[in-house]
$ cat target_34.txt   # compact mmCIF, N, CA and C atoms
# COMPACT_ATOMS: atom_id res chain seq x y z
N MET Y 1 -37.60 35.47 1.94
CA MET Y 1 -38.33 34.40 2.61
C MET Y 1 -39.11 34.94 3.79
N ASP Y 2 -38.48 35.80 4.60
CA ASP Y 2 -39.19 36.40 5.72
C ASP Y 2 -40.38 37.21 5.22
N ASP Y 3 -40.21 37.83 4.08
CA ASP Y 3 -41.28 38.64 3.51
C ASP Y 3 -42.48 37.77 3.15
N ALA Y 4 -42.23 36.61 2.58
CA ALA Y 4 -43.31 35.71 2.19
C ALA Y 4 -44.05 35.19 3.41
N ILE Y 5 -43.32 34.85 4.46
CA ILE Y 5 -43.95 34.35 5.70
C ILE Y 5 -44.78 35.47 6.34
N GLY Y 6 -44.24 36.67 6.33
CA GLY Y 6 -44.97 37.82 6.89
C GLY Y 6 -46.27 38.06 6.15
N LYS Y 7 -46.22 37.98 4.83
CA LYS Y 7 -47.43 38.17 4.03
C LYS Y 7 -48.45 37.07 4.33
N LEU Y 8 -47.97 35.84 4.47
CA LEU Y 8 -48.86 34.72 4.75
C LEU Y 8 -49.54 34.90 6.10
N LEU Y 9 -48.75 35.30 7.11
CA LEU Y 9 -49.32 35.53 8.44
C LEU Y 9 -50.32 36.68 8.43
N LYS Y 10 -49.99 37.75 7.73
CA LYS Y 10 -50.91 38.89 7.65
C LYS Y 10 -52.20 38.49 6.97
N GLY Y 11 -52.09 37.69 5.91
CA GLY Y 11 -53.28 37.24 5.20
C GLY Y 11 -54.16 36.37 6.08
N ALA Y 12 -53.55 35.46 6.82
CA ALA Y 12 -54.31 34.57 7.70
C ALA Y 12 -54.97 35.37 8.82
N THR Y 13 -54.24 36.32 9.37
CA THR Y 13 -54.79 37.16 10.43
C THR Y 13 -55.95 37.98 9.90
N GLY Y 14 -55.79 38.52 8.70
CA GLY Y 14 -56.86 39.31 8.08
C GLY Y 14 -58.12 38.48 7.89
N GLU Y 15 -57.96 37.24 7.45
CA GLU Y 15 -59.12 36.37 7.25
C GLU Y 15 -59.79 36.05 8.58
N LEU Y 16 -58.99 35.83 9.63
CA LEU Y 16 -59.57 35.57 10.95
C LEU Y 16 -60.34 36.79 11.43
N LEU Y 17 -59.79 37.97 11.23
CA LEU Y 17 -60.48 39.18 11.68
C LEU Y 17 -61.79 39.37 10.92
N LYS Y 18 -61.79 39.01 9.64
CA LYS Y 18 -63.03 39.12 8.88
C LYS Y 18 -64.08 38.18 9.45
N ALA Y 19 -63.66 36.98 9.82
CA ALA Y 19 -64.60 36.01 10.40
C ALA Y 19 -65.13 36.53 11.73
N GLU Y 20 -64.26 37.15 12.54
CA GLU Y 20 -64.70 37.73 13.81
C GLU Y 20 -65.69 38.86 13.56
N ASP Y 21 -65.44 39.68 12.55
CA ASP Y 21 -66.35 40.76 12.21
C ASP Y 21 -67.72 40.22 11.83
N VAL Y 22 -67.74 39.15 11.08
CA VAL Y 22 -69.01 38.54 10.68
C VAL Y 22 -69.76 38.05 11.92
N MET Y 23 -69.03 37.42 12.84
CA MET Y 23 -69.67 36.93 14.06
C MET Y 23 -70.20 38.09 14.89
N LEU Y 24 -69.42 39.15 15.03
CA LEU Y 24 -69.87 40.30 15.80
C LEU Y 24 -71.10 40.94 15.16
N ASP Y 25 -71.10 41.06 13.85
CA ASP Y 25 -72.27 41.62 13.15
C ASP Y 25 -73.49 40.74 13.38
N ALA Y 26 -73.30 39.43 13.31
CA ALA Y 26 -74.42 38.51 13.52
C ALA Y 26 -74.97 38.64 14.94
N MET Y 27 -74.07 38.75 15.91
CA MET Y 27 -74.51 38.89 17.31
C MET Y 27 -75.26 40.22 17.50
N ARG Y 28 -74.76 41.29 16.89
CA ARG Y 28 -75.45 42.59 16.98
C ARG Y 28 -76.85 42.48 16.39
N ASP Y 29 -76.96 41.81 15.25
CA ASP Y 29 -78.26 41.64 14.60
C ASP Y 29 -79.21 40.85 15.50
N LEU Y 30 -78.70 39.80 16.13
CA LEU Y 30 -79.55 39.01 17.03
C LEU Y 30 -80.03 39.84 18.22
N VAL Y 31 -79.13 40.64 18.78
CA VAL Y 31 -79.52 41.50 19.90
C VAL Y 31 -80.56 42.52 19.44
N ARG Y 32 -80.33 43.14 18.29
CA ARG Y 32 -81.30 44.11 17.76
C ARG Y 32 -82.66 43.47 17.54
N ASP Y 33 -82.65 42.26 16.96
CA ASP Y 33 -83.91 41.57 16.72
C ASP Y 33 -84.65 41.29 18.02
N GLU Y 34 -83.91 40.90 19.05
CA GLU Y 34 -84.54 40.62 20.35
C GLU Y 34 -85.10 41.90 20.96
N VAL Y 35 -84.37 42.99 20.86
CA VAL Y 35 -84.86 44.26 21.39
C VAL Y 35 -86.11 44.69 20.63
N LYS Y 36 -86.10 44.57 19.31
CA LYS Y 36 -87.29 44.91 18.51
C LYS Y 36 -88.48 44.04 18.90
N ARG Y 37 -88.23 42.75 19.12
CA ARG Y 37 -89.30 41.84 19.50
C ARG Y 37 -89.93 42.26 20.81
N ARG Y 38 -89.10 42.61 21.77
CA ARG Y 38 -89.60 43.01 23.09
C ARG Y 38 -90.35 44.33 23.02
N ILE Y 39 -89.86 45.26 22.18
CA ILE Y 39 -90.55 46.54 22.02
C ILE Y 39 -91.92 46.30 21.38
N ARG Y 40 -91.96 45.50 20.32
CA ARG Y 40 -93.24 45.20 19.67
C ARG Y 40 -94.22 44.54 20.63
N GLU Y 41 -93.70 43.60 21.41
CA GLU Y 41 -94.53 42.91 22.38
C GLU Y 41 -95.13 43.90 23.38
N GLU Y 42 -94.32 44.79 23.89
CA GLU Y 42 -94.79 45.78 24.86
C GLU Y 42 -95.82 46.71 24.23
N LEU Y 43 -95.56 47.12 22.99
CA LEU Y 43 -96.51 48.01 22.31
C LEU Y 43 -97.82 47.29 21.99
N ASP Y 44 -97.74 46.00 21.67
CA ASP Y 44 -98.95 45.22 21.42
C ASP Y 44 -99.80 45.09 22.69
N ASN Y 45 -99.13 45.03 23.83
CA ASN Y 45 -99.83 44.89 25.11
C ASN Y 45 -100.30 46.21 25.69
N ASN Y 46 -99.86 47.32 25.10
CA ASN Y 46 -100.20 48.63 25.67
C ASN Y 46 -100.62 49.58 24.54
N PRO Y 47 -101.89 49.55 24.14
CA PRO Y 47 -102.35 50.39 23.03
C PRO Y 47 -102.18 51.89 23.28
N GLU Y 48 -102.29 52.31 24.54
CA GLU Y 48 -102.11 53.74 24.85
C GLU Y 48 -100.68 54.18 24.57
N LEU Y 49 -99.73 53.35 24.96
CA LEU Y 49 -98.33 53.65 24.71
C LEU Y 49 -98.03 53.64 23.22
N ARG Y 50 -98.64 52.70 22.51
CA ARG Y 50 -98.47 52.63 21.04
C ARG Y 50 -98.99 53.91 20.40
N ALA Y 51 -100.14 54.38 20.83
CA ALA Y 51 -100.72 55.61 20.28
C ALA Y 51 -99.83 56.82 20.62
N GLU Y 52 -99.32 56.85 21.84
CA GLU Y 52 -98.43 57.95 22.25
C GLU Y 52 -97.16 57.96 21.41
N LEU Y 53 -96.60 56.79 21.18
CA LEU Y 53 -95.38 56.70 20.37
C LEU Y 53 -95.66 57.10 18.93
N ARG Y 54 -96.79 56.65 18.38
CA ARG Y 54 -97.17 57.00 17.02
C ARG Y 54 -97.34 58.52 16.89
N ASP Y 55 -97.96 59.14 17.89
CA ASP Y 55 -98.15 60.60 17.87
C ASP Y 55 -96.80 61.32 17.94
N ALA Y 56 -95.89 60.82 18.76
CA ALA Y 56 -94.57 61.43 18.88
C ALA Y 56 -93.79 61.33 17.57
N VAL Y 57 -93.89 60.20 16.89
CA VAL Y 57 -93.21 60.02 15.61
C VAL Y 57 -93.80 60.98 14.58
N ARG Y 58 -95.13 61.12 14.58
CA ARG Y 58 -95.78 62.06 13.66
C ARG Y 58 -95.30 63.49 13.92
N MET Y 59 -95.23 63.86 15.19
CA MET Y 59 -94.76 65.20 15.54
C MET Y 59 -93.31 65.42 15.11
N LEU Y 60 -92.49 64.41 15.30
CA LEU Y 60 -91.09 64.51 14.90
C LEU Y 60 -90.97 64.69 13.40
N PHE Y 61 -91.74 63.93 12.64
CA PHE Y 61 -91.72 64.05 11.18
C PHE Y 61 -92.15 65.45 10.76
N GLU Y 62 -93.23 65.96 11.36
CA GLU Y 62 -93.69 67.30 11.03
C GLU Y 62 -92.64 68.35 11.38
N ALA Y 63 -91.96 68.16 12.50
CA ALA Y 63 -90.92 69.10 12.91
C ALA Y 63 -89.76 69.10 11.91
N LYS Y 64 -89.40 67.92 11.42
CA LYS Y 64 -88.32 67.82 10.43
C LYS Y 64 -88.71 68.54 9.14
N VAL Y 65 -89.97 68.40 8.74
CA VAL Y 65 -90.44 69.08 7.54
C VAL Y 65 -90.39 70.59 7.76
N GLN Y 66 -90.85 71.04 8.93
CA GLN Y 66 -90.82 72.47 9.25
C GLN Y 66 -89.38 73.00 9.27
N GLU Y 67 -88.47 72.19 9.80
CA GLU Y 67 -87.06 72.59 9.85
C GLU Y 67 -86.50 72.76 8.44
N ALA Y 68 -86.82 71.83 7.57
CA ALA Y 68 -86.36 71.93 6.18
C ALA Y 68 -86.95 73.16 5.51
N TYR Y 69 -88.21 73.42 5.77
CA TYR Y 69 -88.87 74.58 5.18
C TYR Y 69 -88.25 75.88 5.71
N ALA Y 70 -87.97 75.93 7.00
CA ALA Y 70 -87.33 77.12 7.58
C ALA Y 70 -85.94 77.33 6.98
N GLY Y 71 -85.20 76.26 6.78
CA GLY Y 71 -83.88 76.38 6.15
C GLY Y 71 -83.99 76.92 4.74
N LEU Y 72 -84.99 76.46 4.04
CA LEU Y 72 -85.22 76.94 2.67
C LEU Y 72 -85.56 78.43 2.67
N LYS Y 73 -86.42 78.84 3.60
CA LYS Y 73 -86.79 80.26 3.69
C LYS Y 73 -85.59 81.12 4.06
N LEU Y 74 -84.73 80.62 4.95
CA LEU Y 74 -83.52 81.36 5.31
C LEU Y 74 -82.60 81.53 4.10
N ALA Y 75 -82.44 80.46 3.36
CA ALA Y 75 -81.58 80.52 2.18
C ALA Y 75 -82.15 81.50 1.15
N LYS Y 76 -83.46 81.47 0.99
CA LYS Y 76 -84.10 82.38 0.04
C LYS Y 76 -83.92 83.84 0.48
N ALA Y 77 -84.13 84.09 1.76
CA ALA Y 77 -83.96 85.46 2.27
C ALA Y 77 -82.50 85.91 2.13
N GLY Y 78 -81.57 85.01 2.40
CA GLY Y 78 -80.15 85.33 2.24
C GLY Y 78 -79.81 85.65 0.79
N ALA Y 79 -80.39 84.88 -0.12
CA ALA Y 79 -80.15 85.14 -1.54
C ALA Y 79 -80.72 86.49 -1.95
N LYS Y 80 -81.91 86.81 -1.48
CA LYS Y 80 -82.53 88.10 -1.79
C LYS Y 80 -81.68 89.25 -1.26
N LEU Y 81 -81.19 89.08 -0.04
CA LEU Y 81 -80.34 90.12 0.55
C LEU Y 81 -79.07 90.30 -0.28
N GLY Y 82 -78.48 89.18 -0.67
CA GLY Y 82 -77.28 89.25 -1.51
C GLY Y 82 -77.56 89.95 -2.82
N LEU Y 83 -78.71 89.69 -3.40
CA LEU Y 83 -79.08 90.34 -4.66
C LEU Y 83 -79.26 91.85 -4.47
N GLU Y 84 -79.85 92.23 -3.37
CA GLU Y 84 -80.05 93.66 -3.10
C GLU Y 84 -78.72 94.40 -2.96
N LEU Y 85 -77.71 93.71 -2.51
CA LEU Y 85 -76.40 94.33 -2.32
C LEU Y 85 -75.58 94.41 -3.60
N MET Y 86 -76.04 93.75 -4.65
CA MET Y 86 -75.29 93.73 -5.91
C MET Y 86 -75.60 94.95 -6.77
N PRO Y 87 -74.69 95.23 -7.67
CA PRO Y 87 -74.98 96.30 -8.64
C PRO Y 87 -76.19 95.91 -9.49
N PRO Y 88 -77.04 96.90 -9.83
CA PRO Y 88 -78.29 96.60 -10.54
C PRO Y 88 -78.11 95.83 -11.86
N ASP Y 89 -77.03 96.08 -12.58
CA ASP Y 89 -76.86 95.40 -13.87
C ASP Y 89 -76.61 93.90 -13.71
N LEU Y 90 -76.04 93.47 -12.60
CA LEU Y 90 -75.81 92.05 -12.37
C LEU Y 90 -76.97 91.38 -11.64
N ARG Y 91 -77.79 92.16 -10.98
CA ARG Y 91 -78.85 91.63 -10.12
C ARG Y 91 -79.81 90.70 -10.87
N ALA Y 92 -80.31 91.12 -12.00
CA ALA Y 92 -81.29 90.30 -12.73
C ALA Y 92 -80.68 88.99 -13.21
N GLU Y 93 -79.49 89.07 -13.77
CA GLU Y 93 -78.84 87.87 -14.31
C GLU Y 93 -78.55 86.86 -13.20
N ILE Y 94 -77.94 87.33 -12.14
CA ILE Y 94 -77.59 86.43 -11.04
C ILE Y 94 -78.85 85.94 -10.32
N GLY Y 95 -79.85 86.80 -10.23
CA GLY Y 95 -81.10 86.40 -9.59
C GLY Y 95 -81.73 85.20 -10.27
N ARG Y 96 -81.74 85.20 -11.60
CA ARG Y 96 -82.29 84.06 -12.33
C ARG Y 96 -81.50 82.79 -12.03
N GLU Y 97 -80.18 82.91 -12.03
CA GLU Y 97 -79.33 81.74 -11.77
C GLU Y 97 -79.58 81.19 -10.36
N VAL Y 98 -79.67 82.08 -9.40
CA VAL Y 98 -79.88 81.65 -8.01
C VAL Y 98 -81.23 80.96 -7.87
N MET Y 99 -82.26 81.54 -8.44
CA MET Y 99 -83.59 80.94 -8.32
C MET Y 99 -83.66 79.57 -9.01
N GLN Y 100 -83.00 79.42 -10.14
CA GLN Y 100 -82.98 78.12 -10.80
C GLN Y 100 -82.28 77.08 -9.92
N THR Y 101 -81.20 77.50 -9.29
CA THR Y 101 -80.48 76.59 -8.39
C THR Y 101 -81.36 76.18 -7.23
N PHE Y 102 -82.05 77.15 -6.62
CA PHE Y 102 -82.93 76.82 -5.50
C PHE Y 102 -84.06 75.91 -5.93
N GLU Y 103 -84.61 76.12 -7.09
CA GLU Y 103 -85.68 75.26 -7.57
C GLU Y 103 -85.20 73.82 -7.70
N LYS Y 104 -84.00 73.64 -8.24
CA LYS Y 104 -83.45 72.29 -8.39
C LYS Y 104 -83.21 71.65 -7.03
N GLU Y 105 -82.62 72.41 -6.11
CA GLU Y 105 -82.32 71.87 -4.79
C GLU Y 105 -83.60 71.56 -4.02
N PHE Y 106 -84.60 72.41 -4.17
CA PHE Y 106 -85.87 72.17 -3.50
C PHE Y 106 -86.52 70.90 -4.04
N ALA Y 107 -86.44 70.69 -5.32
CA ALA Y 107 -87.00 69.47 -5.92
C ALA Y 107 -86.28 68.23 -5.36
N LYS Y 108 -84.96 68.30 -5.22
CA LYS Y 108 -84.21 67.19 -4.64
C LYS Y 108 -84.63 66.95 -3.20
N LEU Y 109 -84.81 68.03 -2.45
CA LEU Y 109 -85.21 67.92 -1.05
C LEU Y 109 -86.57 67.26 -0.93
N LEU Y 110 -87.49 67.64 -1.79
CA LEU Y 110 -88.82 67.03 -1.77
C LEU Y 110 -88.75 65.55 -2.09
N GLU Y 111 -87.91 65.18 -3.04
CA GLU Y 111 -87.77 63.76 -3.40
C GLU Y 111 -87.25 62.96 -2.22
N LYS Y 112 -86.32 63.53 -1.47
CA LYS Y 112 -85.74 62.81 -0.32
C LYS Y 112 -86.75 62.67 0.80
N THR Y 113 -87.53 63.71 1.06
CA THR Y 113 -88.45 63.66 2.21
C THR Y 113 -89.74 62.93 1.89
N LEU Y 114 -90.13 62.89 0.65
CA LEU Y 114 -91.38 62.19 0.31
C LEU Y 114 -91.03 60.86 -0.23
$ encode --input "target_34.txt" --output "structure tokens"
Amino acid sequence: MDDAIGKLLKGATGELLKAEDVMLDAMRDLVRDEVKRRIREELDNNPELRAELRDAVRMLFEAKVQEAYAGLKLAKAGAKLGLELMPPDLRAEIGREVMQTFEKEFAKLLEKTL
């Protein structure tokens, strides 16, 4: 009997907590919407600031692309170094496998960024 009452109380408490979570999420969304509204309003009233922000976002995007490209070049150089350290009879076989893997991963990376 105590077990049944405990389960009932836990269930009721769980449902209340879910309702509180919904309310908190709704309040967060309202605050976010208000902050976005104020940011848009300020940017609409200040074209120079809007242009500066747009330029900064463009620069950030370009930097992220450069970072991904640098990572790819590092991985490629590391793979080449690893191949140079291998015995010649395994080098060609493993080299093909590594390059195929990089081609697949690079294609995935391009899909994510574009």
$ atom_distance --input "target_34.txt" --atom1 "atom N of Lys80 (chain Y)" --atom2 "atom N of Ile94 (chain Y)"
11.4 Å
$ atom_distance --input "target_34.txt" --atom1 "CA of Arg37 (chain Y)" --atom2 "CA of Arg58 (chain Y)"
22.0 Å
$ atom_distance --input "target_34.txt" --atom1 "CA of Ala63 (chain Y)" --atom2 "CA of Gly78 (chain Y)"
22.2 Å
$ residues_around --input "target_34.txt" --residues "region 96-112 of chain Y" --least-positions-apart "6" --cutoff "9 Å" --atoms "only C-alpha atoms" --output "JSON, numbers by chain"
{"Y": [68, 72, 75, 76, 79]}
